[in-house]
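Asker: There's a structure below that I have some questions on.
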Amino acid sequence: MDHRHRFLIQKQQCQLIARSIVARHHSVEWELRLFSVVYEYDEVIDRLQRQIDFLKFGSHIKDLGELFQELPTSFSSETLNQRLKEFRRHYQVLLDTQEDFQEDFHKQSGSIDVDEVLADAHYHCLDEHELVKFRNNVEQLRAKAILIEKLRKDQFEYLNAFDICSSGRNPMTNEAIDALLKRSFSKEDTSVVLWYAGDRLKREQAKKWEEIYQQLISERRKTAQRIKLVYVDYTQCPQRLENFVIVRLPDTRRSDFITGNRSNEN
């Protein structure tokens, strides 16, 4: 039985006693006094629950450490590399802040005021909501690493479109990225298939994504000439990618557009 459950049972017992006393005395004064006691008891429960939730940060940080062990040392994408570096720096901040908190905790003989701690900007990163948000971001990066490894094993080249999009002073449109990619890959001495996709389309149309994936692998196996498969990831580009797009180079036929659903991310 956890602490909150135990407190709630005790609160119910107090309420039964309170009703019994009020029934015997039929006094508004008694009722107001007992209401005040029960209210204060609620405050105590909430306060203790906040303290229990806050002290969970240790397990969150431990889980984060295990997640970081599953991440690669680097990415081929500068965008993903930068994100990995930022996440590692923030994780080190968490470890340092955790150590500071433990020192303060021991100095106060294990007594803390959670509200005061969270009011201190230095400890804000240990708040459970902040830790959960950070963990979700790290898990997304791990999912990206898993996808890139899957693509690599099946001989797809991974290309992050945001690396191109953010290279100039002003972000490039999807049309401009498309034109640049076509010019660049048209110089290849083999056939090239560019597959424009993103995490949103992959999530919302998982079945279609897998069909295209298997179709391209099968096409490469059945074709005598060498085909270079390139997965172009538009996830982080500011302009939303509306559909899956297949571009074949040399351009012997028009690009294939595969309908996607509308959303706020690629």
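FYI, nothing fancy with the structure tokens labels: chains A, B, ... in order, residues from 1 per chain, ligands from 1 as they appear.
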Identify, on the basis of only C-alpha atoms, every residue whose closest approach to Tyr158 of chain A does not exceed 7 Å; exclude the query and any residue fewer than 5 positions from it along the same chain; express the result as a ChimeraX atom specification.
Answerer: /A:148,230-232
Asker: Taking 2 positions as the minimum chain separation for residues in the same chain, which residues sit within 9 Å of segment 134-142 of chain A when counting only C-alpha atoms? Answer as a list in words.
Answerer: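 Neighbouring residues, sequence-local ones excluded: His60, Ile61, Asp63, Leu64, Leu67, Phe68, Glu70, Leu71, Pro72, Leu80, Arg83, Leu84, Phe87, His90, His129, Glu130, Leu131, Val132, Lys144, Ala145, Ile146 and Leu147 of chain A.
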Asker: Please produce a file of the residues just selected, as a JSON list (two decimals), in the first residue's frame, where the atoms kept are N, CA and C atoms.
Answerer:
[["chain", "number", "residue", "atom", "x", "y", "z"],
["A", 60, "HIS", "N", 14.07, 8.47, -12.49],
["A", 60, "HIS", "CA", 14.01, 9.05, -13.84],
["A", 60, "HIS", "C", 15.40, 9.22, -14.41],
["A", 61, "ILE", "N", 16.32, 9.72, -13.60],
["A", 61, "ILE", "CA", 17.68, 9.96, -14.06],
["A", 61, "ILE", "C", 18.38, 8.63, -14.35],
["A", 63, "ASP", "N", 16.88, 5.90, -15.41],
["A", 63, "ASP", "CA", 16.32, 5.44, -16.69],
["A", 63, "ASP", "C", 16.95, 6.20, -17.86],
["A", 64, "LEU", "N", 17.17, 7.49, -17.66],
["A", 64, "LEU", "CA", 17.81, 8.29, -18.71],
["A", 64, "LEU", "C", 19.21, 7.79, -19.01],
["A", 67, "LEU", "N", 18.96, 4.94, -21.25],
["A", 67, "LEU", "CA", 18.60, 5.37, -22.60],
["A", 67, "LEU", "C", 19.82, 5.89, -23.36],
["A", 68, "PHE", "N", 20.64, 6.67, -22.68],
["A", 68, "PHE", "CA", 21.82, 7.23, -23.34],
["A", 68, "PHE", "C", 22.81, 6.14, -23.76],
["A", 70, "GLU", "N", 21.99, 3.45, -25.06],
["A", 70, "GLU", "CA", 21.45, 2.86, -26.28],
["A", 70, "GLU", "C", 21.60, 3.79, -27.49],
["A", 71, "LEU", "N", 22.04, 5.02, -27.25],
["A", 71, "LEU", "CA", 22.22, 5.97, -28.35],
["A", 71, "LEU", "C", 23.59, 5.80, -28.99],
["A", 72, "PRO", "N", 23.71, 6.09, -30.28],
["A", 72, "PRO", "CA", 25.03, 6.00, -30.93],
["A", 72, "PRO", "C", 25.95, 7.12, -30.45],
["A", 80, "LEU", "N", 21.01, 15.99, -36.09],
["A", 80, "LEU", "CA", 20.85, 14.99, -35.03],
["A", 80, "LEU", "C", 22.06, 14.97, -34.11],
["A", 83, "ARG", "N", 21.63, 17.77, -31.66],
["A", 83, "ARG", "CA", 20.63, 17.40, -30.65],
["A", 83, "ARG", "C", 21.20, 16.41, -29.64],
["A", 84, "LEU", "N", 21.98, 15.46, -30.11],
["A", 84, "LEU", "CA", 22.60, 14.48, -29.22],
["A", 84, "LEU", "C", 23.53, 15.18, -28.23],
["A", 87, "PHE", "N", 21.48, 17.06, -25.62],
["A", 87, "PHE", "CA", 20.88, 16.14, -24.66],
["A", 87, "PHE", "C", 21.93, 15.63, -23.66],
["A", 90, "HIS", "N", 22.63, 18.37, -21.16],
["A", 90, "HIS", "CA", 21.53, 18.51, -20.20],
["A", 90, "HIS", "C", 21.53, 17.35, -19.21],
["A", 129, "HIS", "N", 7.72, 16.82, -14.20],
["A", 129, "HIS", "CA", 7.21, 17.16, -15.54],
["A", 129, "HIS", "C", 8.36, 17.47, -16.49],
["A", 130, "GLU", "N", 9.37, 18.16, -15.99],
["A", 130, "GLU", "CA", 10.53, 18.49, -16.82],
["A", 130, "GLU", "C", 11.30, 17.21, -17.19],
["A", 131, "LEU", "N", 11.43, 16.31, -16.24],
["A", 131, "LEU", "CA", 12.16, 15.06, -16.50],
["A", 131, "LEU", "C", 11.43, 14.18, -17.50],
["A", 132, "VAL", "N", 10.11, 14.11, -17.37],
["A", 132, "VAL", "CA", 9.31, 13.30, -18.30],
["A", 132, "VAL", "C", 9.41, 13.88, -19.71],
["A", 144, "LYS", "N", 14.83, 7.45, -33.60],
["A", 144, "LYS", "CA", 15.45, 7.87, -34.86],
["A", 144, "LYS", "C", 16.70, 7.04, -35.14],
["A", 145, "ALA", "N", 17.48, 6.80, -34.08],
["A", 145, "ALA", "CA", 18.70, 5.99, -34.24],
["A", 145, "ALA", "C", 18.35, 4.57, -34.69],
["A", 146, "ILE", "N", 17.28, 4.02, -34.15],
["A", 146, "ILE", "CA", 16.83, 2.68, -34.53],
["A", 146, "ILE", "C", 16.40, 2.66, -35.99],
["A", 147, "LEU", "N", 15.68, 3.70, -36.42],
["A", 147, "LEU", "CA", 15.25, 3.80, -37.81],
["A", 147, "LEU", "C", 16.45, 3.88, -38.75]]
Asker: Residues of segment 140-202 of chain A in strand (DSSP E) according to DSSP, as a ChimeraX atom specification?
Answerer: /A:156-160,191-197
Asker: When distances are computed from only C-alpha atoms, which of A:Tyr123, A:Thr190, A:Ile177, A:Gln225 shows the smallest separation from Asp104 of chain A?
Answerer: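 Ranked by minimum distance to Asp104 of chain A, first place goes to A:Tyr123.
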Asker: Got a sec: who's within 8 Å of Leu201 of chain A, counting only C-alpha atoms, leaving out chain neighbours fewer than 3 positions off, as a list in words?
Answerer: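 Neighbouring residues, sequence-local ones excluded: Ala197, Gly198, Glu204, Gln205, Ala206, Trp209, Asn243, Phe244, Gly260, Asn261 and Asn266 of chain A.
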